[in-house]
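Enquirer: There's a structure below that I have some questions on.
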Amino acid sequence: MDLIVFGILVGFVAITLGFAWWQNRKAVRAKQALNLAVEEFPSKVVDALRFIVQFSQQGSTIDPILSKPWHGAIDYVDVNEDGQRELLVQYPTGAHGSALRILAWQKGKFEELAGLGVGTPVGFEFGDFDGDGKVEIRTQETDWSVGLPYVNAPRCILLYRWDGTKFVEVSRKSPSA
Ligand SMILES: [Ca+2]
Ligand SMILES: [Ca+2]
């Protein structure tokens with residue numbers, strides 16, 4: 001009799017453990033699926049935007065130095081190194097300018113994290129440009145200090161980096177330096 005009770009108890013414990021394990025597996029799988037969906041959704045938005053930008057590119061501004069039209073661009077890169085990628089939208093502005101808007105995916109929508117603007121049409125690039133292992137935003141600005149008009153004025157290369165609350169200029173040098 002005791003053996004039967006023991007057997008039932010063992011069986012009950014085994015079922016309980018099995019059920020708990022199954023519940024846990026289900027929770028883990030649900031969490032993985034959710035994480036994947038959360039990560040995938042902004043990626044899909046970005047893909048759609050990239051598609052739109054690609055087909056609406058007319059080259060609204062021509063760089064007088066490079067003599068090339070400059071287009072808008074969409075990127076999806078972790079520029080502030082918090083482990084989540086940002087939507088990076090850049091487009092021509094003014095006579096020769098470039099603007100960049102940095103949007104972070106937060107609580108199911110894109111929120112503007114920061115914006116940058118320069119007076120050259122070269123746009124913005126993202127990566128580790130100074131080899132310190134941290135991500136920078138690279139662009140160019142006109143160097144007005146020599147008193148030359150826009151077309152002849154030298155340009156300087158700017159690097160911006162996230163300081164925890166905003167993007168700050170960390171380097172400014174002439175392209176030849
Ligand atoms: Ca990020
Ligand atoms: Ca760097």
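Order determines the names: the first chain of the structure tokens is A, the second B, and so forth; residues in each chain are numbered 1 upward, and ligands are numbered 1 upward as they are shown.
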Check chain A with DSSP on the backbone and list each residue it calls helix (DSSP H, G or I), as a PyMOL selection string.

Expert: chain A and resi 2-55+144-146

Enquirer: Write out as a count of residues only which residues come within 9 Å of Ser174 of chain A when counting only C-alpha atoms, dropping same-chain ones fewer than 4 positions away.

Expert: 6

Enquirer: Which is closest to Tyr150 of chain A among A:Leu34, A:Asp128, A:Gly97, A:Ala114, if we use only C-alpha atoms?

Expert: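 So, comparing all the options, the nearest one is A:Gly97.
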
Enquirer: Between A:Arg50, A:Arg161, A:Arg25, A:Lys173, which is the closest to ligand 1 once you count only C-alpha atoms and all ligand atoms?

Expert: A:Arg161

Enquirer: Within 12 Å of ligand 2, counting only C-alpha atoms and all ligand atoms: which residues, as an MDAnalysis selection string?

Expert: chainID A and resid 79:81 126:138 159:162 170:171

Enquirer: Could you please take those selected residues and save N, CA and C atoms as a PDB file, in the first residue's frame?

Expert:
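Ended up saving to out.pdb:
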```
ATOM      1  N   VAL A  79      23.764  53.942 -33.098  1.00  0.00           N
ATOM      2  CA  VAL A  79      24.740  55.043 -33.067  1.00  0.00           C
ATOM      3  C   VAL A  79      25.067  55.535 -31.660  1.00  0.00           C
ATOM      4  N   ASN A  80      24.244  55.161 -30.678  1.00  0.00           N
ATOM      5  CA  ASN A  80      24.593  55.585 -29.305  1.00  0.00           C
ATOM      6  C   ASN A  80      25.030  54.400 -28.438  1.00  0.00           C
ATOM      7  N   GLU A  81      25.205  53.252 -29.088  1.00  0.00           N
ATOM      8  CA  GLU A  81      25.747  52.051 -28.445  1.00  0.00           C
ATOM      9  C   GLU A  81      25.014  51.648 -27.166  1.00  0.00           C
ATOM     10  N   PHE A 126      28.205  56.601 -40.513  1.00  0.00           N
ATOM     11  CA  PHE A 126      28.191  56.039 -39.152  1.00  0.00           C
ATOM     12  C   PHE A 126      29.208  54.920 -39.044  1.00  0.00           C
ATOM     13  N   GLY A 127      30.033  54.973 -37.988  1.00  0.00           N
ATOM     14  CA  GLY A 127      31.025  53.918 -37.794  1.00  0.00           C
ATOM     15  C   GLY A 127      32.117  54.386 -36.855  1.00  0.00           C
ATOM     16  N   ASP A 128      33.111  53.533 -36.662  1.00  0.00           N
ATOM     17  CA  ASP A 128      34.251  53.898 -35.811  1.00  0.00           C
ATOM     18  C   ASP A 128      35.321  54.513 -36.712  1.00  0.00           C
ATOM     19  N   PHE A 129      35.336  55.839 -36.797  1.00  0.00           N
ATOM     20  CA  PHE A 129      36.222  56.513 -37.751  1.00  0.00           C
ATOM     21  C   PHE A 129      37.588  56.867 -37.172  1.00  0.00           C
ATOM     22  N   ASP A 130      37.699  56.884 -35.832  1.00  0.00           N
ATOM     23  CA  ASP A 130      39.001  57.224 -35.238  1.00  0.00           C
ATOM     24  C   ASP A 130      39.680  56.023 -34.594  1.00  0.00           C
ATOM     25  N   GLY A 131      39.049  54.844 -34.753  1.00  0.00           N
ATOM     26  CA  GLY A 131      39.691  53.620 -34.287  1.00  0.00           C
ATOM     27  C   GLY A 131      39.725  53.440 -32.778  1.00  0.00           C
ATOM     28  N   ASP A 132      38.868  54.138 -32.043  1.00  0.00           N
ATOM     29  CA  ASP A 132      38.862  53.988 -30.577  1.00  0.00           C
ATOM     30  C   ASP A 132      37.837  52.952 -30.113  1.00  0.00           C
ATOM     31  N   GLY A 133      37.190  52.274 -31.068  1.00  0.00           N
ATOM     32  CA  GLY A 133      36.224  51.243 -30.701  1.00  0.00           C
ATOM     33  C   GLY A 133      34.820  51.772 -30.456  1.00  0.00           C
ATOM     34  N   LYS A 134      34.670  53.093 -30.465  1.00  0.00           N
ATOM     35  CA  LYS A 134      33.337  53.686 -30.263  1.00  0.00           C
ATOM     36  C   LYS A 134      32.790  54.214 -31.588  1.00  0.00           C
ATOM     37  N   VAL A 135      31.481  54.248 -31.676  1.00  0.00           N
ATOM     38  CA  VAL A 135      30.821  54.669 -32.919  1.00  0.00           C
ATOM     39  C   VAL A 135      30.740  56.198 -32.982  1.00  0.00           C
ATOM     40  N   GLU A 136      31.057  56.734 -34.139  1.00  0.00           N
ATOM     41  CA  GLU A 136      30.888  58.174 -34.361  1.00  0.00           C
ATOM     42  C   GLU A 136      29.981  58.422 -35.572  1.00  0.00           C
ATOM     43  N   ILE A 137      29.503  59.654 -35.630  1.00  0.00           N
ATOM     44  CA  ILE A 137      28.811  60.140 -36.824  1.00  0.00           C
ATOM     45  C   ILE A 137      29.788  61.083 -37.508  1.00  0.00           C
ATOM     46  N   ARG A 138      30.067  60.819 -38.789  1.00  0.00           N
ATOM     47  CA  ARG A 138      31.031  61.652 -39.512  1.00  0.00           C
ATOM     48  C   ARG A 138      30.309  62.506 -40.550  1.00  0.00           C
ATOM     49  N   LEU A 159      33.472  64.822 -36.323  1.00  0.00           N
ATOM     50  CA  LEU A 159      33.001  63.578 -35.716  1.00  0.00           C
ATOM     51  C   LEU A 159      32.133  63.926 -34.511  1.00  0.00           C
ATOM     52  N   TYR A 160      30.978  63.292 -34.457  1.00  0.00           N
ATOM     53  CA  TYR A 160      30.076  63.452 -33.308  1.00  0.00           C
ATOM     54  C   TYR A 160      29.952  62.110 -32.597  1.00  0.00           C
ATOM     55  N   ARG A 161      29.816  62.169 -31.274  1.00  0.00           N
ATOM     56  CA  ARG A 161      29.614  60.941 -30.511  1.00  0.00           C
ATOM     57  C   ARG A 161      28.587  61.202 -29.411  1.00  0.00           C
ATOM     58  N   TRP A 162      27.828  60.142 -29.078  1.00  0.00           N
ATOM     59  CA  TRP A 162      26.806  60.203 -28.026  1.00  0.00           C
ATOM     60  C   TRP A 162      27.502  60.299 -26.669  1.00  0.00           C
ATOM     61  N   VAL A 170      33.324  65.673 -31.230  1.00  0.00           N
ATOM     62  CA  VAL A 170      34.526  65.170 -30.556  1.00  0.00           C
ATOM     63  C   VAL A 170      35.789  65.437 -31.363  1.00  0.00           C
ATOM     64  N   SER A 171      35.614  65.809 -32.636  1.00  0.00           N
ATOM     65  CA  SER A 171      36.795  66.049 -33.461  1.00  0.00           C
ATOM     66  C   SER A 171      36.409  66.934 -34.641  1.00  0.00           C
TER      67      SER A 171
END
```

Enquirer: Which residues are near ligand 1 in this structure, taking near to mean any atom at most 9 Å from a ligand atom and counting only C-alpha atoms and all ligand atoms? Format them as a list of chain:residue names.

Expert: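 Residues lying within 9 Å of ligand 1: A:Val77, A:Asp78, A:Val79, A:Asn80, A:Glu81, A:Asp82, A:Gly83, A:Gln84, A:Arg85, A:Glu86, A:Ala104, A:Trp105.
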
Enquirer: The selected residues should be written to file as an mmCIF file, in the first residue's frame (atoms: C-alpha atoms).

Expert:
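Below you can see again_23.cif, which holds the result:
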```
data_model
loop_
_atom_site.group_PDB
_atom_site.id
_atom_site.type_symbol
_atom_site.label_atom_id
_atom_site.label_comp_id
_atom_site.auth_asym_id
_atom_site.auth_seq_id
_atom_site.Cartn_x
_atom_site.Cartn_y
_atom_site.Cartn_z
ATOM 1 C CA VAL A 77 22.438 51.511 -36.922
ATOM 2 C CA ASP A 78 23.105 51.592 -33.172
ATOM 3 C CA VAL A 79 24.740 55.043 -33.067
ATOM 4 C CA ASN A 80 24.593 55.585 -29.305
ATOM 5 C CA GLU A 81 25.747 52.051 -28.445
ATOM 6 C CA ASP A 82 22.884 51.190 -26.099
ATOM 7 C CA GLY A 83 22.365 47.839 -27.826
ATOM 8 C CA GLN A 84 19.374 48.998 -29.874
ATOM 9 C CA ARG A 85 19.561 50.364 -33.393
ATOM 10 C CA GLU A 86 18.306 53.833 -34.289
ATOM 11 C CA ALA A 104 15.028 55.658 -31.330
ATOM 12 C CA TRP A 105 12.531 52.796 -31.123
#
```

Enquirer: Mind giving me the straight-line distance from atom CA of Tyr76 of chain A to atom CA of Gly164 of chain A in Å, one decimal?

Expert: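 Answer for the atom CA of Tyr76 of chain A to atom CA of Gly164 of chain A separation: 19.1 Å.
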
Enquirer: Residues of segment 101-138 of chain A in strand (DSSP E) according to DSSP, as a count of residues only?

Expert: 22

Enquirer: Extract, using only C-alpha atoms, all DNA, RNA and protein residues at most 9 Å from Gly94 of chain A, discarding same-chain residues fewer than 2 positions from it, and format them as a list in words.

Expert: Thr61, Pro92, His96, Gly97, Ser98 and Gly119 of chain A

Enquirer: So which residues touch Lys109 of chain A within 10 Å, counting only C-alpha atoms, skipping near sequence neighbours fewer than 5 positions away, as a PDB file with C-alpha atoms, in the first residue's frame?

Expert:
```pdb
ATOM      1  CA  PHE A  41       8.987  45.482 -36.536  1.00  0.00           C
ATOM      2  CA  PRO A  42      11.201  48.611 -36.645  1.00  0.00           C
ATOM      3  CA  LEU A 103      14.959  58.263 -34.064  1.00  0.00           C
ATOM      4  CA  ALA A 104      15.028  55.658 -31.330  1.00  0.00           C
TER       5      ALA A 104
END
```

Enquirer: How far is it from atom CA of Ala48 of chain A to atom CA of Val118 of chain A, in Å with one decimal?

Expert: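 Those two atoms sit 26.4 Å apart.
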
Enquirer: Provide the atom CA of Val89 of chain A to atom CA of Ile74 of chain A distance in Å, to one decimal place.

Expert: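 A separation of 4.9 Å between them.
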